>>> print(open('model19.cif').read())   # mmCIF, N, CA and C atoms
data_target
#
loop_
_atom_site.label_atom_id
_atom_site.label_comp_id
_atom_site.auth_asym_id
_atom_site.auth_seq_id
_atom_site.Cartn_x
_atom_site.Cartn_y
_atom_site.Cartn_z
N MET A 1 145.39 25.76 206.41
CA MET A 1 145.33 24.46 207.03
C MET A 1 145.68 24.55 208.51
N GLN A 2 146.68 25.35 208.83
CA GLN A 2 147.08 25.49 210.22
C GLN A 2 145.99 26.20 211.03
N LYS A 3 145.34 27.19 210.43
CA LYS A 3 144.26 27.89 211.13
C LYS A 3 143.10 26.93 211.43
N THR A 4 142.79 26.04 210.50
CA THR A 4 141.72 25.06 210.70
C THR A 4 142.06 24.12 211.85
N ALA A 5 143.29 23.66 211.91
CA ALA A 5 143.72 22.76 212.98
C ALA A 5 143.66 23.45 214.33
N ILE A 6 144.08 24.69 214.38
CA ILE A 6 144.03 25.45 215.63
C ILE A 6 142.57 25.68 216.06
N ALA A 7 141.71 26.01 215.10
CA ALA A 7 140.30 26.24 215.41
C ALA A 7 139.64 24.96 215.92
N LEU A 8 139.93 23.81 215.30
CA LEU A 8 139.36 22.54 215.76
C LEU A 8 139.88 22.17 217.14
N GLY A 9 141.15 22.41 217.39
CA GLY A 9 141.71 22.13 218.71
C GLY A 9 141.09 23.01 219.78
N PHE A 10 140.92 24.27 219.48
CA PHE A 10 140.31 25.20 220.42
C PHE A 10 138.86 24.82 220.69
N ALA A 11 138.12 24.42 219.65
CA ALA A 11 136.73 23.99 219.83
C ALA A 11 136.67 22.73 220.69
N GLY A 12 137.60 21.81 220.51
CA GLY A 12 137.64 20.60 221.33
C GLY A 12 137.92 20.90 222.78
N ILE A 13 138.83 21.84 223.03
CA ILE A 13 139.13 22.23 224.41
C ILE A 13 137.91 22.88 225.05
N LEU A 14 137.21 23.75 224.32
CA LEU A 14 136.00 24.38 224.86
C LEU A 14 134.92 23.35 225.14
N LEU A 15 134.76 22.40 224.27
CA LEU A 15 133.75 21.37 224.47
C LEU A 15 134.08 20.52 225.69
N ALA A 16 135.33 20.14 225.86
CA ALA A 16 135.73 19.33 227.01
C ALA A 16 135.57 20.11 228.31
N ALA A 17 135.89 21.39 228.30
CA ALA A 17 135.79 22.20 229.51
C ALA A 17 134.33 22.46 229.89
N SER A 18 133.48 22.69 228.91
CA SER A 18 132.09 23.02 229.22
C SER A 18 131.30 21.78 229.62
N SER A 19 131.65 20.61 229.10
CA SER A 19 130.88 19.41 229.43
C SER A 19 131.21 18.91 230.83
N SER A 20 132.39 19.22 231.35
CA SER A 20 132.75 18.73 232.68
C SER A 20 132.21 19.64 233.79
N THR A 21 131.79 20.85 233.46
CA THR A 21 131.32 21.77 234.49
C THR A 21 129.81 21.74 234.66
N VAL A 22 129.10 21.00 233.85
CA VAL A 22 127.65 20.93 233.96
C VAL A 22 127.29 20.06 235.16
N PRO A 23 126.54 20.59 236.13
CA PRO A 23 126.22 19.79 237.32
C PRO A 23 125.20 18.71 237.00
N ALA A 24 125.31 17.60 237.70
CA ALA A 24 124.35 16.51 237.53
C ALA A 24 123.08 16.85 238.28
N ALA A 25 122.01 16.14 237.96
CA ALA A 25 120.74 16.36 238.66
C ALA A 25 120.87 15.90 240.11
N PHE A 26 120.26 16.65 241.00
CA PHE A 26 120.34 16.31 242.40
C PHE A 26 119.48 15.09 242.70
N MET A 27 119.97 14.21 243.55
CA MET A 27 119.21 13.03 243.97
C MET A 27 118.40 13.41 245.20
N VAL A 28 117.10 13.40 245.05
CA VAL A 28 116.21 13.74 246.15
C VAL A 28 115.57 12.45 246.64
N PRO A 29 115.61 12.19 247.95
CA PRO A 29 114.97 10.96 248.44
C PRO A 29 113.46 11.01 248.21
N PRO A 30 112.84 9.86 247.89
CA PRO A 30 111.40 9.88 247.64
C PRO A 30 110.61 10.13 248.92
N ALA A 31 109.41 10.64 248.76
CA ALA A 31 108.56 10.94 249.91
C ALA A 31 108.15 9.64 250.60
N LYS A 32 107.78 9.74 251.89
CA LYS A 32 107.40 8.55 252.66
C LYS A 32 106.16 7.88 252.07
N SER A 33 105.27 8.67 251.49
CA SER A 33 104.06 8.08 250.91
C SER A 33 104.40 7.20 249.70
N VAL A 34 105.46 7.56 248.99
CA VAL A 34 105.88 6.76 247.84
C VAL A 34 106.51 5.46 248.33
N ILE A 35 107.33 5.54 249.38
CA ILE A 35 108.02 4.36 249.88
C ILE A 35 107.03 3.36 250.46
N THR A 36 106.04 3.84 251.23
CA THR A 36 105.09 2.93 251.86
C THR A 36 104.11 2.36 250.86
N GLY A 37 103.94 3.00 249.69
CA GLY A 37 102.97 2.51 248.71
C GLY A 37 103.54 1.47 247.76
N LEU A 38 104.81 1.10 247.91
CA LEU A 38 105.39 0.11 247.00
C LEU A 38 104.82 -1.27 247.27
N ASN A 39 104.55 -2.00 246.22
CA ASN A 39 104.14 -3.39 246.35
C ASN A 39 104.83 -4.20 245.27
N ASN A 40 104.50 -5.47 245.14
CA ASN A 40 105.19 -6.33 244.18
C ASN A 40 104.94 -5.92 242.74
N ASP A 41 103.79 -5.30 242.46
CA ASP A 41 103.51 -4.90 241.09
C ASP A 41 104.50 -3.84 240.60
N LEU A 42 104.97 -2.98 241.50
CA LEU A 42 105.89 -1.93 241.10
C LEU A 42 107.35 -2.37 241.13
N THR A 43 107.64 -3.44 241.83
CA THR A 43 109.04 -3.85 241.95
C THR A 43 109.37 -5.06 241.09
N ASP A 44 108.43 -5.58 240.31
CA ASP A 44 108.73 -6.70 239.42
C ASP A 44 109.70 -6.26 238.34
N VAL A 45 110.56 -7.17 237.95
CA VAL A 45 111.56 -6.87 236.93
C VAL A 45 111.30 -7.75 235.72
N ARG A 46 111.23 -7.14 234.55
CA ARG A 46 111.04 -7.89 233.30
C ARG A 46 112.19 -7.57 232.37
N TRP A 47 112.47 -8.49 231.47
CA TRP A 47 113.47 -8.23 230.45
C TRP A 47 113.03 -8.92 229.18
N ARG A 48 113.66 -8.57 228.08
CA ARG A 48 113.32 -9.17 226.79
C ARG A 48 114.41 -10.14 226.39
N ARG A 49 114.01 -11.33 226.03
CA ARG A 49 114.92 -12.33 225.50
C ARG A 49 114.71 -12.36 223.99
N CYS A 50 115.75 -12.04 223.24
CA CYS A 50 115.64 -11.95 221.78
C CYS A 50 116.59 -12.93 221.12
N TRP A 51 116.21 -13.41 219.95
CA TRP A 51 117.05 -14.31 219.17
C TRP A 51 116.66 -14.17 217.71
N LEU A 52 117.49 -14.73 216.84
CA LEU A 52 117.21 -14.75 215.41
C LEU A 52 116.75 -16.15 215.04
N ASP A 53 115.61 -16.22 214.34
CA ASP A 53 115.15 -17.53 213.91
C ASP A 53 115.91 -17.97 212.67
N ARG A 54 115.58 -19.13 212.13
CA ARG A 54 116.39 -19.67 211.02
C ARG A 54 116.26 -18.86 209.73
N TRP A 55 115.26 -17.97 209.64
CA TRP A 55 115.13 -17.11 208.47
C TRP A 55 115.72 -15.73 208.71
N GLY A 56 116.34 -15.51 209.86
CA GLY A 56 117.01 -14.26 210.14
C GLY A 56 116.13 -13.19 210.75
N ARG A 57 114.89 -13.55 211.10
CA ARG A 57 114.01 -12.57 211.74
C ARG A 57 114.29 -12.50 213.23
N ARG A 58 114.17 -11.32 213.78
CA ARG A 58 114.41 -11.13 215.22
C ARG A 58 113.13 -11.47 215.97
N ARG A 59 113.21 -12.36 216.93
CA ARG A 59 112.08 -12.78 217.75
C ARG A 59 112.36 -12.39 219.19
N CYS A 60 111.39 -11.84 219.89
CA CYS A 60 111.58 -11.41 221.27
C CYS A 60 110.43 -11.90 222.13
N GLN A 61 110.73 -12.18 223.40
CA GLN A 61 109.73 -12.54 224.39
C GLN A 61 110.02 -11.76 225.67
N TRP A 62 108.97 -11.40 226.39
CA TRP A 62 109.14 -10.79 227.70
C TRP A 62 109.31 -11.89 228.72
N CYS A 63 110.30 -11.77 229.60
CA CYS A 63 110.57 -12.78 230.63
C CYS A 63 110.60 -12.11 232.01
N TRP A 64 110.31 -12.89 233.02
CA TRP A 64 110.35 -12.43 234.40
C TRP A 64 110.55 -13.62 235.31
N ARG A 65 110.83 -13.37 236.58
CA ARG A 65 110.93 -14.44 237.57
C ARG A 65 109.66 -14.45 238.41
N ASP A 66 109.08 -15.65 238.58
CA ASP A 66 107.90 -15.74 239.43
C ASP A 66 108.32 -15.75 240.90
N ARG A 67 107.37 -15.88 241.80
CA ARG A 67 107.69 -15.77 243.23
C ARG A 67 108.58 -16.88 243.74
N TRP A 68 108.70 -17.98 242.99
CA TRP A 68 109.57 -19.08 243.40
C TRP A 68 110.93 -19.03 242.72
N GLY A 69 111.16 -18.00 241.91
CA GLY A 69 112.46 -17.80 241.29
C GLY A 69 112.62 -18.42 239.91
N ARG A 70 111.55 -19.03 239.40
CA ARG A 70 111.64 -19.64 238.06
C ARG A 70 111.46 -18.58 236.99
N VAL A 71 112.16 -18.72 235.87
CA VAL A 71 112.06 -17.78 234.77
C VAL A 71 110.83 -18.15 233.93
N ARG A 72 109.98 -17.17 233.71
CA ARG A 72 108.78 -17.35 232.88
C ARG A 72 108.87 -16.42 231.70
N CYS A 73 108.51 -16.89 230.54
CA CYS A 73 108.52 -16.06 229.33
C CYS A 73 107.17 -16.18 228.64
N SER A 74 106.72 -15.09 228.05
CA SER A 74 105.45 -15.11 227.33
C SER A 74 105.67 -14.78 225.86
#
>>> encode(input="model19.cif", output="structure tokens")
Amino acid sequence: MQKTAIALGFAGILLAASSSTVPAAFMVPPAKSVITGLNNDLTDVRWRRCWLDRWGRRRCQWCWRDRWGRVRCS
């Protein structure tokens, strides 16, 4: 029992040490052609509005804000 506890503790220490040393992906700035090519179609933000109906089924709609700031759902 003591050997199992020591082995689990050692494995936990190795896991904690190895996960903190992994480098994150480098952030590279986008090319100028990508920045100048952005338009409203690429920057629109949508989200899903979900609810449960009276029979317990999950219902979802896609929603977004139009150019005047009103929330539209389909």
>>> atom_distance(input="model19.cif", atom1="atom N of A:Gly69", atom2="atom CA of A:Trp47")
15.2 Å
>>> residues_around(input="model19.cif", residues="A:Arg46", least_positions_apart="6", cutoff="6.5 Å", atoms="all atoms listed in the file", output="list in words")
Trp62, Cys63, Trp64 and Arg65 of chain A
>>> atom_distance(input="model19.cif", atom1="atom CA of A:Arg72", atom2="atom N of A:Arg58")
20.7 Å
>>> atom_distance(input="model19.cif", atom1="atom CA of A:Gln61", atom2="atom CA of A:Val45")
13.9 Å
>>> closest_residue(input="model19.cif", among="A:Ser74, A:Met1, A:Ala7, A:Gly12", to="A:Cys60", atoms="only N, CA and C atoms")
A:Ser74
>>> build_atoms(input="model19.cif", residues="stretch 48-66 of chain A", atoms="N, CA, C and O atoms", output="PDB file, in the coordinates of the input")
ATOM      1  N   ARG A  48     113.660  -8.570 228.080  1.00  0.00           N
ATOM      2  CA  ARG A  48     113.320  -9.170 226.790  1.00  0.00           C
ATOM      3  C   ARG A  48     114.410 -10.140 226.390  1.00  0.00           C
ATOM      4  O   ARG A  48     115.583  -9.816 226.415  1.00  0.00           O
ATOM      5  N   ARG A  49     114.010 -11.330 226.030  1.00  0.00           N
ATOM      6  CA  ARG A  49     114.920 -12.330 225.500  1.00  0.00           C
ATOM      7  C   ARG A  49     114.710 -12.360 223.990  1.00  0.00           C
ATOM      8  O   ARG A  49     113.619 -12.639 223.517  1.00  0.00           O
ATOM      9  N   CYS A  50     115.750 -12.040 223.240  1.00  0.00           N
ATOM     10  CA  CYS A  50     115.640 -11.950 221.780  1.00  0.00           C
ATOM     11  C   CYS A  50     116.590 -12.930 221.120  1.00  0.00           C
ATOM     12  O   CYS A  50     117.660 -13.237 221.646  1.00  0.00           O
ATOM     13  N   TRP A  51     116.210 -13.410 219.950  1.00  0.00           N
ATOM     14  CA  TRP A  51     117.050 -14.310 219.170  1.00  0.00           C
ATOM     15  C   TRP A  51     116.660 -14.170 217.710  1.00  0.00           C
ATOM     16  O   TRP A  51     115.663 -13.549 217.365  1.00  0.00           O
ATOM     17  N   LEU A  52     117.490 -14.730 216.840  1.00  0.00           N
ATOM     18  CA  LEU A  52     117.210 -14.750 215.410  1.00  0.00           C
ATOM     19  C   LEU A  52     116.750 -16.150 215.040  1.00  0.00           C
ATOM     20  O   LEU A  52     117.399 -17.137 215.375  1.00  0.00           O
ATOM     21  N   ASP A  53     115.610 -16.220 214.340  1.00  0.00           N
ATOM     22  CA  ASP A  53     115.150 -17.530 213.910  1.00  0.00           C
ATOM     23  C   ASP A  53     115.910 -17.970 212.670  1.00  0.00           C
ATOM     24  O   ASP A  53     116.821 -17.285 212.210  1.00  0.00           O
ATOM     25  N   ARG A  54     115.580 -19.130 212.130  1.00  0.00           N
ATOM     26  CA  ARG A  54     116.390 -19.670 211.020  1.00  0.00           C
ATOM     27  C   ARG A  54     116.260 -18.860 209.730  1.00  0.00           C
ATOM     28  O   ARG A  54     117.048 -19.029 208.815  1.00  0.00           O
ATOM     29  N   TRP A  55     115.260 -17.970 209.640  1.00  0.00           N
ATOM     30  CA  TRP A  55     115.130 -17.110 208.470  1.00  0.00           C
ATOM     31  C   TRP A  55     115.720 -15.730 208.710  1.00  0.00           C
ATOM     32  O   TRP A  55     115.606 -14.854 207.872  1.00  0.00           O
ATOM     33  N   GLY A  56     116.340 -15.510 209.860  1.00  0.00           N
ATOM     34  CA  GLY A  56     117.010 -14.260 210.140  1.00  0.00           C
ATOM     35  C   GLY A  56     116.130 -13.190 210.750  1.00  0.00           C
ATOM     36  O   GLY A  56     116.568 -12.054 210.916  1.00  0.00           O
ATOM     37  N   ARG A  57     114.890 -13.550 211.100  1.00  0.00           N
ATOM     38  CA  ARG A  57     114.010 -12.570 211.740  1.00  0.00           C
ATOM     39  C   ARG A  57     114.290 -12.500 213.230  1.00  0.00           C
ATOM     40  O   ARG A  57     114.597 -13.513 213.849  1.00  0.00           O
ATOM     41  N   ARG A  58     114.170 -11.320 213.780  1.00  0.00           N
ATOM     42  CA  ARG A  58     114.410 -11.130 215.220  1.00  0.00           C
ATOM     43  C   ARG A  58     113.130 -11.470 215.970  1.00  0.00           C
ATOM     44  O   ARG A  58     112.067 -10.925 215.695  1.00  0.00           O
ATOM     45  N   ARG A  59     113.210 -12.360 216.930  1.00  0.00           N
ATOM     46  CA  ARG A  59     112.080 -12.780 217.750  1.00  0.00           C
ATOM     47  C   ARG A  59     112.360 -12.390 219.190  1.00  0.00           C
ATOM     48  O   ARG A  59     113.469 -12.607 219.673  1.00  0.00           O
ATOM     49  N   CYS A  60     111.390 -11.840 219.890  1.00  0.00           N
ATOM     50  CA  CYS A  60     111.580 -11.410 221.270  1.00  0.00           C
ATOM     51  C   CYS A  60     110.430 -11.900 222.130  1.00  0.00           C
ATOM     52  O   CYS A  60     109.290 -11.995 221.665  1.00  0.00           O
ATOM     53  N   GLN A  61     110.730 -12.180 223.400  1.00  0.00           N
ATOM     54  CA  GLN A  61     109.730 -12.540 224.390  1.00  0.00           C
ATOM     55  C   GLN A  61     110.020 -11.760 225.670  1.00  0.00           C
ATOM     56  O   GLN A  61     111.179 -11.522 225.999  1.00  0.00           O
ATOM     57  N   TRP A  62     108.970 -11.400 226.390  1.00  0.00           N
ATOM     58  CA  TRP A  62     109.140 -10.790 227.700  1.00  0.00           C
ATOM     59  C   TRP A  62     109.310 -11.890 228.720  1.00  0.00           C
ATOM     60  O   TRP A  62     108.560 -12.863 228.732  1.00  0.00           O
ATOM     61  N   CYS A  63     110.300 -11.770 229.600  1.00  0.00           N
ATOM     62  CA  CYS A  63     110.570 -12.780 230.630  1.00  0.00           C
ATOM     63  C   CYS A  63     110.600 -12.110 232.010  1.00  0.00           C
ATOM     64  O   CYS A  63     110.869 -10.926 232.126  1.00  0.00           O
ATOM     65  N   TRP A  64     110.310 -12.890 233.020  1.00  0.00           N
ATOM     66  CA  TRP A  64     110.350 -12.430 234.400  1.00  0.00           C
ATOM     67  C   TRP A  64     110.550 -13.620 235.310  1.00  0.00           C
ATOM     68  O   TRP A  64     110.464 -14.763 234.886  1.00  0.00           O
ATOM     69  N   ARG A  65     110.830 -13.370 236.580  1.00  0.00           N
ATOM     70  CA  ARG A  65     110.930 -14.440 237.570  1.00  0.00           C
ATOM     71  C   ARG A  65     109.660 -14.450 238.410  1.00  0.00           C
ATOM     72  O   ARG A  65     109.227 -13.410 238.890  1.00  0.00           O
ATOM     73  N   ASP A  66     109.080 -15.650 238.580  1.00  0.00           N
ATOM     74  CA  ASP A  66     107.900 -15.740 239.430  1.00  0.00           C
ATOM     75  C   ASP A  66     108.320 -15.750 240.900  1.00  0.00           C
ATOM     76  O   ASP A  66     109.501 -15.628 241.226  1.00  0.00           O
TER      77      ASP A  66
END
